[in-house]
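For reference, my_file_30.cif (mmCIF, C-alpha atoms):
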data_my_file
loop_
_atom_site.label_atom_id
_atom_site.label_comp_id
_atom_site.auth_asym_id
_atom_site.auth_seq_id
_atom_site.Cartn_x
_atom_site.Cartn_y
_atom_site.Cartn_z
CA MET D 1 66.67 -117.06 9.56
CA ALA D 2 63.64 -118.51 7.85
CA ARG D 3 62.40 -117.46 4.41
CA TRP D 4 58.73 -118.25 4.06
CA GLY D 5 57.35 -119.62 0.82
CA MET D 6 54.47 -121.52 -0.70
CA VAL D 7 54.09 -124.20 -3.33
CA ILE D 8 50.77 -124.69 -5.15
CA ASP D 9 50.31 -127.91 -7.11
CA LEU D 10 47.94 -127.06 -9.95
CA ASP D 11 47.64 -130.72 -10.91
CA ARG D 12 46.05 -131.36 -7.52
CA CYS D 13 44.00 -128.16 -7.32
CA THR D 14 40.31 -128.72 -8.06
CA ALA D 15 39.49 -125.01 -8.08
CA CYS D 16 37.02 -125.55 -5.23
CA GLN D 17 37.84 -122.15 -3.69
CA ALA D 18 38.03 -123.42 -0.11
CA CYS D 19 41.25 -121.42 0.16
CA VAL D 20 39.50 -118.27 -1.02
CA VAL D 21 36.81 -118.60 1.63
CA ALA D 22 39.27 -119.56 4.37
CA CYS D 23 41.31 -116.48 3.54
CA GLN D 24 38.35 -114.08 3.67
CA VAL D 25 37.25 -115.43 7.04
CA GLU D 26 40.71 -115.61 8.59
CA ASN D 27 41.67 -112.10 7.60
CA ASN D 28 38.42 -110.21 8.20
CA VAL D 29 38.20 -109.34 4.52
CA PRO D 30 35.01 -107.29 4.19
CA PRO D 31 32.25 -108.16 1.75
CA THR D 32 31.91 -105.15 -0.50
CA GLY D 33 28.51 -105.85 -2.01
CA ALA D 34 27.30 -106.22 -5.58
CA ASP D 35 27.47 -102.54 -6.52
CA GLN D 36 31.15 -102.34 -5.62
CA ALA D 37 31.89 -105.66 -7.29
CA GLU D 38 30.41 -104.26 -10.48
CA LEU D 39 32.93 -101.43 -10.31
CA GLY D 40 35.71 -103.95 -9.87
CA ARG D 41 36.15 -102.92 -6.26
CA SER D 42 35.49 -106.14 -4.41
CA ILE D 43 38.35 -107.27 -2.20
CA SER D 44 39.96 -110.66 -2.03
CA TRP D 45 43.46 -111.44 -0.83
CA LEU D 46 43.53 -114.71 -2.68
CA ARG D 47 41.72 -115.10 -5.97
CA LEU D 48 41.34 -117.84 -8.54
CA ALA D 49 42.69 -116.45 -11.78
CA PRO D 50 41.43 -117.99 -15.01
CA HIS D 51 44.04 -118.90 -17.59
CA GLY D 52 43.71 -120.45 -21.02
CA GLU D 53 41.33 -120.12 -23.91
CA ALA D 54 38.02 -121.41 -25.12
CA GLU D 55 37.86 -121.42 -28.89
CA HIS D 56 34.54 -121.99 -30.60
CA GLY D 57 33.93 -125.60 -31.45
CA THR D 58 36.84 -126.98 -29.44
CA ARG D 59 37.12 -128.29 -25.92
CA PRO D 60 37.92 -125.27 -23.72
CA GLN D 61 41.37 -125.35 -22.19
CA MET D 62 40.58 -123.40 -19.07
CA HIS D 63 42.61 -123.50 -15.88
CA LEU D 64 42.01 -121.73 -12.61
CA MET D 65 44.98 -120.91 -10.45
CA PRO D 66 44.98 -119.57 -6.88
CA VAL D 67 46.94 -116.31 -6.75
CA PRO D 68 47.98 -114.98 -3.33
CA CYS D 69 50.62 -112.29 -2.77
CA MET D 70 53.88 -113.72 -4.10
CA HIS D 71 55.93 -112.11 -1.29
CA CYS D 72 58.60 -111.42 -3.90
CA ASP D 73 62.21 -111.35 -2.80
CA ASN D 74 62.59 -108.41 -5.17
CA PRO D 75 59.20 -106.75 -4.70
CA PRO D 76 58.25 -103.90 -7.06
CA CYS D 77 55.61 -102.62 -4.63
CA THR D 78 57.91 -101.72 -1.73
CA LYS D 79 60.11 -99.63 -3.99
CA VAL D 80 57.35 -97.27 -5.04
CA CYS D 81 55.78 -96.71 -1.62
CA PRO D 82 56.49 -93.07 -0.72
CA VAL D 83 55.97 -93.62 3.02
CA GLN D 84 57.48 -97.08 3.55
CA ALA D 85 54.15 -98.52 4.58
CA THR D 86 55.08 -101.67 2.73
CA GLN D 87 58.45 -103.27 3.38
CA ILE D 88 60.06 -106.64 3.06
CA GLY D 89 60.99 -108.10 6.43
CA GLU D 90 64.00 -110.15 7.45
CA GLU D 91 62.13 -113.40 6.90
CA GLY D 92 60.99 -112.34 3.45
CA LEU D 93 57.40 -111.42 4.27
CA VAL D 94 56.18 -108.33 2.46
CA GLY D 95 54.28 -106.46 5.14
CA GLN D 96 51.61 -103.81 4.77
CA ILE D 97 51.28 -101.39 7.69
CA TYR D 98 47.79 -99.97 7.31
CA ALA D 99 48.27 -97.21 9.87
CA ARG D 100 51.14 -95.91 7.78
CA CYS D 101 49.48 -96.25 4.36
CA ILE D 102 48.30 -93.01 2.74
CA GLY D 103 46.26 -94.72 0.04
CA CYS D 104 48.20 -93.41 -2.97
CA ARG D 105 47.94 -96.83 -4.65
CA TYR D 106 51.34 -96.70 -6.34
CA CYS D 107 51.88 -100.20 -5.01
CA THR D 108 48.67 -101.58 -6.50
CA THR D 109 49.87 -100.31 -9.86
CA ALA D 110 53.41 -101.59 -9.41
CA CYS D 111 52.35 -105.13 -8.52
CA PRO D 112 52.40 -107.27 -11.67
CA TYR D 113 50.24 -109.90 -9.98
CA THR D 114 47.49 -107.38 -9.12
CA VAL D 115 47.06 -108.83 -5.65
CA ARG D 116 46.88 -105.48 -3.88
CA GLU D 117 43.43 -104.17 -3.04
CA PHE D 118 42.26 -100.70 -2.12
CA ASN D 119 39.51 -100.02 0.41
CA TRP D 120 37.12 -97.73 -1.40
CA LYS D 121 34.66 -97.85 1.46
CA GLN D 122 34.68 -98.12 5.21
CA PRO D 123 34.39 -101.89 5.74
CA ASP D 124 30.97 -103.00 6.83
CA PHE D 125 30.29 -106.46 8.19
CA PRO D 126 26.59 -107.34 8.12
CA GLU D 127 24.90 -108.50 11.33
CA PRO D 128 26.01 -112.01 12.26
CA MET D 129 29.39 -111.69 10.52
CA GLU D 130 30.54 -109.16 13.08
CA GLN D 131 30.64 -111.84 15.73
CA GLY D 132 32.97 -113.96 13.66
CA LEU D 133 35.68 -111.33 13.22
CA SER D 134 39.15 -112.43 14.22
CA PRO D 135 40.83 -110.33 16.93
CA ASP D 136 44.22 -111.39 15.56
CA VAL D 137 43.86 -109.33 12.39
CA SER D 138 43.03 -105.62 12.44
CA ILE D 139 40.28 -104.24 10.26
CA ARG D 140 41.53 -101.97 7.54
CA PRO D 141 39.96 -98.54 7.34
CA LYS D 142 38.72 -96.87 4.18
CA GLY D 143 41.48 -95.41 2.07
CA VAL D 144 44.27 -97.91 2.63
CA VAL D 145 45.70 -100.75 0.58
CA GLU D 146 45.61 -104.30 1.88
CA LYS D 147 46.83 -107.65 0.63
CA CYS D 148 47.70 -111.22 1.56
CA THR D 149 50.14 -111.34 4.48
CA PHE D 150 50.81 -115.10 4.37
CA CYS D 151 48.72 -114.89 7.58
CA HIS D 152 51.73 -113.46 9.41
CA HIS D 153 49.59 -113.04 12.54
CA ARG D 154 49.84 -116.81 12.76
CA LEU D 155 53.61 -116.52 12.70
CA GLN D 156 53.51 -114.01 15.56
CA VAL D 157 51.61 -116.47 17.73
CA ALA D 158 53.54 -119.57 16.59
CA ARG D 159 56.89 -117.92 17.26
CA ASP D 160 55.83 -116.89 20.75
CA ARG D 161 54.53 -120.39 21.51
CA ALA D 162 57.76 -122.01 20.35
CA GLN D 163 59.96 -119.59 22.30
CA LEU D 164 57.85 -120.14 25.38
CA GLU D 165 58.40 -123.87 25.03
CA ASP D 166 62.09 -123.15 24.40
CA ARG D 167 62.30 -124.87 21.05
CA PRO D 168 62.79 -123.78 17.46
CA LEU D 169 59.78 -123.38 15.17
CA ALA D 170 58.91 -126.77 13.73
CA GLU D 171 57.55 -127.39 10.25
CA GLY D 172 53.79 -126.99 10.39
CA ASP D 173 53.79 -124.60 13.37
CA TYR D 174 53.15 -121.71 11.03
CA VAL D 175 50.79 -122.36 8.13
CA PRO D 176 48.48 -119.81 6.46
CA ALA D 177 44.72 -120.40 6.50
CA CYS D 178 44.49 -121.16 2.77
CA VAL D 179 47.06 -123.94 2.97
CA GLU D 180 45.40 -125.38 6.03
CA SER D 181 42.00 -125.40 4.36
CA CYS D 182 42.94 -127.05 1.05
CA PRO D 183 41.02 -130.36 0.87
CA ALA D 184 43.17 -131.60 -2.02
CA ALA D 185 46.43 -130.84 -0.17
CA ALA D 186 47.51 -128.86 -3.21
CA MET D 187 49.12 -126.12 -1.15
CA THR D 188 52.29 -126.43 0.91
CA PHE D 189 53.94 -123.82 3.08
CA GLY D 190 57.24 -123.62 4.88
CA ASP D 191 60.80 -122.42 5.13
CA LEU D 192 62.59 -122.16 1.78
CA GLU D 193 65.90 -121.72 3.56
CA ASP D 194 65.62 -125.18 5.10
CA PRO D 195 66.74 -127.68 2.44
CA ASN D 196 64.78 -130.46 4.14
CA SER D 197 61.45 -128.67 4.22
CA GLU D 198 58.60 -129.91 2.05
CA VAL D 199 58.49 -126.61 0.10
CA SER D 200 62.20 -126.79 -0.70
CA ARG D 201 61.79 -130.35 -1.90
CA LEU D 202 58.77 -129.54 -4.07
CA LYS D 203 60.46 -126.48 -5.53
CA GLN D 204 63.06 -128.78 -7.07
CA SER D 205 60.35 -130.53 -9.08
CA GLN D 206 60.51 -130.63 -12.87
CA ARG D 207 56.99 -129.27 -12.82
CA ALA D 208 57.92 -126.12 -10.92
CA PHE D 209 57.50 -122.64 -12.35
CA GLN D 210 56.78 -119.16 -11.08
CA LEU D 211 54.36 -116.54 -12.29
CA LEU D 212 55.97 -113.94 -14.55
CA GLU D 213 59.39 -115.07 -13.41
CA GLU D 214 60.98 -113.24 -16.32
CA LEU D 215 60.21 -109.95 -14.55
CA GLY D 216 62.83 -110.72 -11.92
CA THR D 217 60.47 -110.26 -9.00
CA GLU D 218 61.69 -113.53 -7.47
CA PRO D 219 58.32 -114.69 -6.16
CA LYS D 220 58.22 -116.97 -3.13
CA VAL D 221 55.14 -118.73 -4.46
CA THR D 222 55.98 -121.60 -6.78
CA TYR D 223 53.45 -123.45 -8.94
CA LEU D 224 53.65 -127.06 -10.03
CA SER D 225 52.07 -128.32 -13.22
CA LYS D 226 52.62 -130.94 -15.88
CA GLY D 227 50.40 -128.90 -18.17
CA GLU D 228 51.51 -126.85 -21.12
CA TRP D 229 51.97 -123.76 -19.00
CA GLY D 230 54.76 -125.51 -17.13
CA GLY D 231 57.68 -123.12 -17.04
CA GLN D 232 55.71 -120.16 -18.33
CA VAL D 233 52.31 -118.49 -18.35
CA MET M 1 42.54 -92.75 19.85
CA PRO M 2 45.68 -91.29 21.40
CA ARG M 3 48.64 -91.38 19.11
CA CYS M 4 52.32 -91.07 19.67
CA ALA M 5 53.74 -87.64 19.01
CA GLY M 6 54.79 -87.19 15.44
CA ALA M 7 52.85 -90.17 14.19
CA PRO M 8 51.20 -89.61 10.86
CA ILE M 9 47.51 -89.03 10.48
CA MET M 10 45.42 -92.16 10.16
CA PRO M 11 44.24 -92.40 6.60
CA ASP M 12 40.60 -92.80 7.60
CA GLU M 13 40.75 -89.49 9.44
CA ARG M 14 42.19 -87.80 6.40
CA ILE M 15 39.36 -89.02 4.32
CA GLU M 16 36.70 -87.98 6.76
CA LYS M 17 38.17 -84.52 6.75
CA GLY M 18 37.86 -84.35 2.99
CA GLN M 19 41.49 -84.91 2.07
CA ALA M 20 41.00 -88.15 0.26
CA PRO M 21 43.49 -88.92 -2.47
CA THR M 22 40.54 -89.70 -4.72
CA GLY M 23 37.60 -87.81 -6.19
CA PRO M 24 37.60 -85.12 -8.81
CA SER M 25 38.75 -81.68 -7.73
CA THR M 26 36.22 -78.93 -8.24
CA GLY M 27 38.70 -76.48 -9.65
CA GLU M 28 36.59 -73.64 -8.17
CA PRO M 29 38.51 -70.96 -6.26
CA ALA M 30 35.84 -71.13 -3.54
CA GLY M 31 36.54 -74.83 -3.15
CA VAL M 32 40.23 -74.14 -2.76
CA VAL M 33 39.61 -71.51 -0.09
CA ALA M 34 37.20 -73.81 1.73
CA SER M 35 39.61 -76.72 1.71
CA ALA M 36 42.43 -74.46 2.86
CA ALA M 37 40.22 -73.36 5.76
CA ILE M 38 39.36 -76.96 6.56
CA GLY M 39 43.02 -77.81 6.30
CA PHE M 40 43.87 -75.14 8.84
CA LEU M 41 41.17 -76.38 11.20
CA VAL M 42 42.49 -79.90 10.91
CA PHE M 43 45.95 -78.55 11.69
CA LEU M 44 44.64 -76.81 14.81
CA LEU M 45 42.77 -79.88 15.98
CA LEU M 46 45.83 -82.01 15.49
CA THR M 47 48.24 -79.72 17.30
CA THR M 48 45.93 -79.29 20.28
CA GLY M 49 45.22 -83.03 20.26
CA LEU M 50 48.91 -83.77 20.29
CA LEU M 51 49.48 -81.26 23.07
CA THR M 52 46.98 -82.94 25.35
CA VAL M 53 47.70 -86.60 24.75
CA GLY M 54 51.04 -86.69 23.01
CA SER M 55 53.67 -86.41 25.68
CA GLY M 56 52.75 -88.95 28.34
CA GLY M 57 51.33 -91.52 26.01
CA SER M 58 48.61 -92.27 28.53
CA SER M 59 44.99 -93.26 28.50
CA SER M 60 42.64 -91.38 30.77
CA ARG M 61 39.28 -92.91 30.03
CA PRO M 62 37.59 -93.25 33.42
CA VAL M 63 36.55 -96.83 34.14
CA ASP M 64 34.03 -98.12 36.63
CA GLN M 65 35.38 -100.67 39.07
CA PRO M 66 33.27 -102.86 41.36
CA VAL M 67 35.43 -101.91 44.35
CA GLU M 68 38.34 -99.55 44.86
CA PHE M 69 41.24 -101.96 44.72
CA ASN M 70 44.46 -101.01 46.45
CA HIS M 71 47.60 -102.33 44.75
CA ARG M 72 50.07 -100.95 47.27
CA LEU M 73 48.35 -102.59 50.21
CA HIS M 74 48.20 -106.01 48.57
CA VAL M 75 51.67 -105.92 47.02
CA GLU M 76 53.69 -104.17 49.73
CA ASP M 77 51.82 -104.92 52.96
CA VAL M 78 50.18 -108.27 52.21
CA GLY M 79 53.14 -109.32 50.05
CA LEU M 80 51.26 -110.81 47.10
CA GLU M 81 53.06 -111.38 43.81
CA CYS M 82 51.64 -109.80 40.68
CA ASN M 83 51.04 -113.17 39.06
CA GLU M 84 48.79 -114.36 41.87
CA CYS M 85 46.13 -112.01 40.55
CA HIS M 86 47.29 -111.56 36.95
CA GLU M 87 47.88 -115.22 36.46
CA PHE M 88 48.26 -115.45 32.68
CA ALA M 89 51.15 -113.02 32.25
CA GLU M 90 53.68 -115.84 31.97
CA SER M 91 51.80 -118.10 29.61
CA GLU M 92 49.49 -116.02 27.43
CA SER M 93 49.42 -112.82 25.43
CA PHE M 94 47.16 -111.19 28.05
CA SER M 95 47.69 -110.98 31.82
CA GLY M 96 44.12 -111.33 32.96
CA LEU M 97 42.32 -109.68 35.85
CA PRO M 98 41.49 -111.61 39.05
CA THR M 99 38.28 -113.56 39.52
CA ALA M 100 36.05 -113.39 42.58
CA GLU M 101 37.56 -116.65 43.89
CA THR M 102 41.00 -115.06 44.08
CA CYS M 103 39.67 -112.33 46.36
CA ALA M 104 37.40 -114.73 48.26
CA PHE M 105 40.50 -116.63 49.29
CA CYS M 106 41.11 -113.86 51.85
CA HIS M 107 37.92 -111.82 51.83
CA GLU M 108 35.21 -114.38 52.48
CA GLU M 109 34.92 -112.57 55.78
CA ALA M 110 36.04 -109.05 56.53
CA GLN M 111 39.64 -108.73 57.69
CA GLY M 112 39.46 -105.11 58.71
CA ASN M 113 36.76 -102.52 58.91
CA SER M 114 37.12 -100.51 55.75
CA PRO M 115 33.85 -99.76 53.94
CA GLU M 116 35.37 -100.83 50.61
CA GLU M 117 36.18 -104.23 52.03
CA ALA M 118 32.62 -104.51 53.40
CA LYS M 119 31.37 -103.78 49.88
CA LEU M 120 33.63 -106.54 48.51
CA VAL M 121 32.49 -109.05 51.12
CA ALA M 122 28.86 -108.28 50.22
CA LEU M 123 29.60 -108.69 46.51
CA LEU M 124 31.37 -111.98 47.10
CA SER M 125 28.62 -113.41 49.28
CA GLY M 126 26.15 -112.49 46.54
CA GLY M 127 28.12 -114.81 44.25
CA GLN M 128 28.43 -112.30 41.41
CA PRO M 129 31.51 -112.25 39.24
CA LEU M 130 33.74 -109.20 39.66
CA GLU M 131 33.74 -107.28 36.43
CA TRP M 132 36.91 -105.22 36.41
CA GLY M 133 37.15 -102.38 33.97
CA ARG M 134 40.24 -102.46 31.84
CA LEU M 135 42.22 -99.39 30.97
CA TYR M 136 45.21 -100.50 28.97
CA ARG M 137 44.58 -101.72 25.47
CA GLN M 138 46.84 -101.46 22.46
CA PRO M 139 45.35 -100.36 19.16
CA ALA M 140 43.93 -103.38 17.30
CA HIS M 141 46.71 -103.26 14.72
CA VAL M 142 49.41 -104.03 17.30
CA TYR M 143 50.34 -107.50 18.49
CA TYR M 144 51.80 -107.73 21.94
CA ALA M 145 52.26 -110.82 24.12
CA HIS M 146 53.02 -110.83 27.84
CA SER M 147 54.41 -114.37 27.73
CA GLN M 148 57.11 -113.22 25.33
CA HIS M 149 58.23 -110.39 27.60
CA VAL M 150 57.63 -111.87 31.05
CA SER M 151 58.78 -115.46 30.49
CA VAL M 152 61.03 -115.42 27.42
CA ALA M 153 62.70 -112.02 27.92
CA GLY M 154 62.39 -112.20 31.72
CA LEU M 155 61.30 -108.57 32.15
CA GLU M 156 59.87 -107.23 35.42
CA CYS M 157 56.30 -105.91 35.32
CA GLU M 158 57.67 -102.58 36.55
CA ARG M 159 59.52 -102.01 33.28
CA CYS M 160 56.25 -101.32 31.54
CA HIS M 161 53.79 -100.71 34.38
CA ALA M 162 55.86 -98.30 36.42
CA GLY M 163 54.17 -96.95 39.52
CA LEU M 164 51.23 -99.30 39.49
CA ALA M 165 52.39 -101.41 42.41
CA ALA M 166 52.66 -98.25 44.50
CA SER M 167 49.22 -96.88 43.70
CA SER M 168 46.55 -97.15 46.35
CA ARG M 169 43.52 -96.55 44.13
CA PRO M 170 42.55 -98.01 40.76
CA PRO M 171 44.43 -95.96 38.19
CA ARG M 172 42.49 -93.27 36.34
CA ARG M 173 45.13 -93.37 33.65
CA VAL M 174 47.87 -95.83 32.84
CA ARG M 175 51.16 -95.05 31.21
CA LYS M 176 51.02 -96.52 27.76
CA LEU M 177 54.01 -97.56 25.75
CA THR M 178 54.53 -95.68 22.54
CA MET M 179 55.98 -97.34 19.49
CA ASP M 180 59.29 -95.67 20.32
CA ASP M 181 59.26 -97.27 23.78
CA CYS M 182 58.75 -100.69 22.23
CA ILE M 183 61.39 -100.24 19.53
CA ASP M 184 64.00 -98.62 21.82
CA CYS M 185 63.99 -101.64 24.07
CA HIS M 186 63.86 -104.06 21.16
CA GLU M 187 66.98 -102.52 19.67
CA ASP M 188 68.79 -102.60 23.02
CA GLY M 189 67.66 -106.14 23.73
CA ASP M 190 68.34 -107.51 20.28
CA ALA M 191 64.67 -108.33 19.68
CA GLU M 192 63.17 -108.06 16.22
CA SER M 193 61.97 -104.72 14.91
CA ASP M 194 60.45 -105.55 11.54
CA CYS M 195 57.15 -103.76 11.12
CA THR M 196 55.40 -107.12 10.95
CA THR M 197 56.84 -108.19 14.30
CA CYS M 198 54.33 -105.95 16.04
CA HIS M 199 51.78 -104.90 13.43
CA ARG M 200 48.99 -107.07 12.07
#

For this file, produce the structure as structure tokens.
Amino acid sequence: MARWGMVIDLDRCTACQACVVACQVENNVPPTGADQAELGRSISWLRLAPHGEAEHGTRPQMHLMPVPCMHCDNPPCTKVCPVQATQIGEEGLVGQIYARCIGCRYCTTACPYTVREFNWKQPDFPEPMEQGLSPDVSIRPKGVVEKCTFCHHRLQVARDRAQLEDRPLAEGDYVPACVESCPAAAMTFGDLEDPNSEVSRLKQSQRAFQLLEELGTEPKVTYLSKGEWGGQV
Amino acid sequence: MPRCAGAPIMPDERIEKGQAPTGPSTGEPAGVVASAAIGFLVFLLLTTGLLTVGSGGSSSRPVDQPVEFNHRLHVEDVGLECNECHEFAESESFSGLPTAETCAFCHEEAQGNSPEEAKLVALLSGGQPLEWGRLYRQPAHVYYAHSQHVSVAGLECERCHAGLAASSRPPRRVRKLTMDDCIDCHEDGDAESDCTTCHR
């Protein structure tokens, strides 16, 4: 059984945000408009989080790091959901079933990475955008929580393709949109259970660390950096 | 949208009916009475809704069809296989509906003297595409693939489209699978039943 995980090399990342855009488009993430953004209610499944400091008179030490859902092996969010709308699956993906969600937002509070977003409004896609919506991802109604799924709709299709061709899933058959879009090849995705996969290899790196690993959430997203935040943030 | 019996209310409906988990409460007794009344109405609507659509899990939206197609005649009497007209069932997520060429193969000229066939022959000679109405569609948040069930699991069409081969008119309603139908078979057949197997 696979266990899906991601490695993000911050030493390669140029903070170009191609991944952010790819994610919004792939997953029909609605634009919320300036008024909502002002209230802190804009939605993005993958954001670039700033880290570091800029002291007056010194060279600012600012880093931007892409933060998707960590798909924790020990997720705090699933434990607080009163209706089991969010659960961790057999292959380690933390799913969000919108039809089941009652919008209580316990999970958004429980998530230490703040990657869960609430739909304050009925999503509205302005004129030409409507034609670009993906049929592979359902549109979330007002009043439910949504988040990064590691593009699991791509896994659904990839698995069916592989089974149809009577072969196991190969590395690269299932890759989320952000990873695919990264021009610096800073993001890698694959099966952590397979010791020969690229993600397993990279995870062994000296530069590897996880966000807030001391919380015991066991994130399946690993970061690589030589920088001073190596090992901790 | 029809929903399976016992399924929870969609959150968007709750909010439209004024039961959002957000927003300040008025604290006024009148407001409480009003929302109780609304709550009761919602309850009534739901129970009656469930009574009409719940049990069969079927869709009864009438659809316009270019001609009255007769499944029984073509399957039983002519002896056509399902996949000759629904040719993508083995390889794709969808099955597909037949194109004009498929029908023209036999109906370039009239074979009998039924008025429906005459209508078809006229349509075909006009060179228009046949635009079949489609009845069966899962909600957008469900992923389902025919290839997986027809080719990989080797299931007969009848398992899920019972009675269709024996119908002589385009169906007004089709039997739809509920989530329980899907999961029951998955558990028997050792297929996955994680929420994210089917939901997206």

*asked:* So the first atom is atom CA of Ser225 of chain D and the second is atom CA of His63 of chain D; what is the distance between them in Å, to one decimal place?
replied: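 Taking atom CA of Ser225 of chain D and atom CA of His63 of chain D, their separation equals 10.9 Å.
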
*Could you jot down the atom CA of Gln122 of chain D to atom CA of Asp180 of chain M separation for me, Å, one decimal place?*
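We find that atom CA of Gln122 of chain D and atom CA of Asp180 of chain M lie 29.0 Å from each other.
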
*Residues selected by the PyMOL selection byres ((chain D and resi 142) around 7), written as a PyMOL selection string*: (chain D and resi 119-123+140-141+143-144) or (chain M and resi 12)

*Could you write out as a list of chain:residue names the residues of chain D within 8 Å of chain M, counting only C-alpha atoms?*
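Per the criterion, chain D yields D:Gln87, D:Gly89, D:Glu90, D:Gly95, D:Gln96, D:Ile97, D:Ala99, D:Arg100, D:Cys101, D:Ile102, D:Gly103, D:Cys104, D:Pro135, D:Asp136, D:Val137, D:Ser138, D:Ile139, D:Pro141, D:Lys142, D:Gly143, D:Val144, D:His152, D:His153, D:Gln156, D:Asp160, D:Gln163, D:Leu164.
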
*asked:* List as number ranges by chain the protein and nucleic acid residues near Ser167 of chain M, meaning an atom at most 7 Å away when only C-alpha atoms are counted, but skip any in the same chain fewer than 6 places from it.
replied: M: 70-72

_Residues near segment 3-13 of chain D, anyone? I mean within 6 Å using all atoms listed in the file, not counting same-chain ones fewer than 6 positions away, as a ChimeraX atom specification._
/D:91-92,186-193,220-225

_Ground truth for the PyMOL selection byres ((chain D and resi 212) around 10), written as an NGL selection string_ = :D and (112-113 or 209-211 or 213-219 or 231-233)

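Going from atom CA of Met65 of chain D to atom CA of Pro183 of chain D covers 15.3 Å.
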
Within 9 Å of (48.1, -105.4, 1.5) in the file's own coordinates, which protein, DNA or RNA residues have an atom, counting all atoms listed in the file? List them as a compact mmCIF listing (two decimals) with C-alpha atoms, in the frame of the given file.
# COMPACT_ATOMS: atom_id res chain seq x y z
CA TRP D 45 43.46 -111.44 -0.83
CA CYS D 69 50.62 -112.29 -2.77
CA THR D 86 55.08 -101.67 2.73
CA VAL D 94 56.18 -108.33 2.46
CA GLY D 95 54.28 -106.46 5.14
CA GLN D 96 51.61 -103.81 4.77
CA ILE D 97 51.28 -101.39 7.69
CA TYR D 98 47.79 -99.97 7.31
CA THR D 108 48.67 -101.58 -6.50
CA VAL D 115 47.06 -108.83 -5.65
CA ARG D 116 46.88 -105.48 -3.88
CA GLU D 117 43.43 -104.17 -3.04
CA PHE D 118 42.26 -100.70 -2.12
CA VAL D 144 44.27 -97.91 2.63
CA VAL D 145 45.70 -100.75 0.58
CA GLU D 146 45.61 -104.30 1.88
CA LYS D 147 46.83 -107.65 0.63
CA CYS D 148 47.70 -111.22 1.56
CA THR D 149 50.14 -111.34 4.48

*Chain and number of each residue from the PyMOL selection byres ((chain D and resi 14-29) around 6), as a count of residues only*: 9

*Fewer than 4 positions away in the same chain doesn't count, so skip those; otherwise give me all residues within 9 Å of Ser125 of chain M, counting only C-alpha atoms, as JSON, numbers by chain.*
{"M": [104, 108, 120, 121]}

Draw an axis-aligned box tight on the listed atoms of segment 159-162 of chain M, then pad every side by 4 Å and write out centre and edge lengths in Å to one decimal as lines of an AutoDock Vina configuration file.
center_x = 56.7
center_y = -100.2
center_z = 34.0
size_x = 13.7
size_y = 11.7
size_z = 12.9
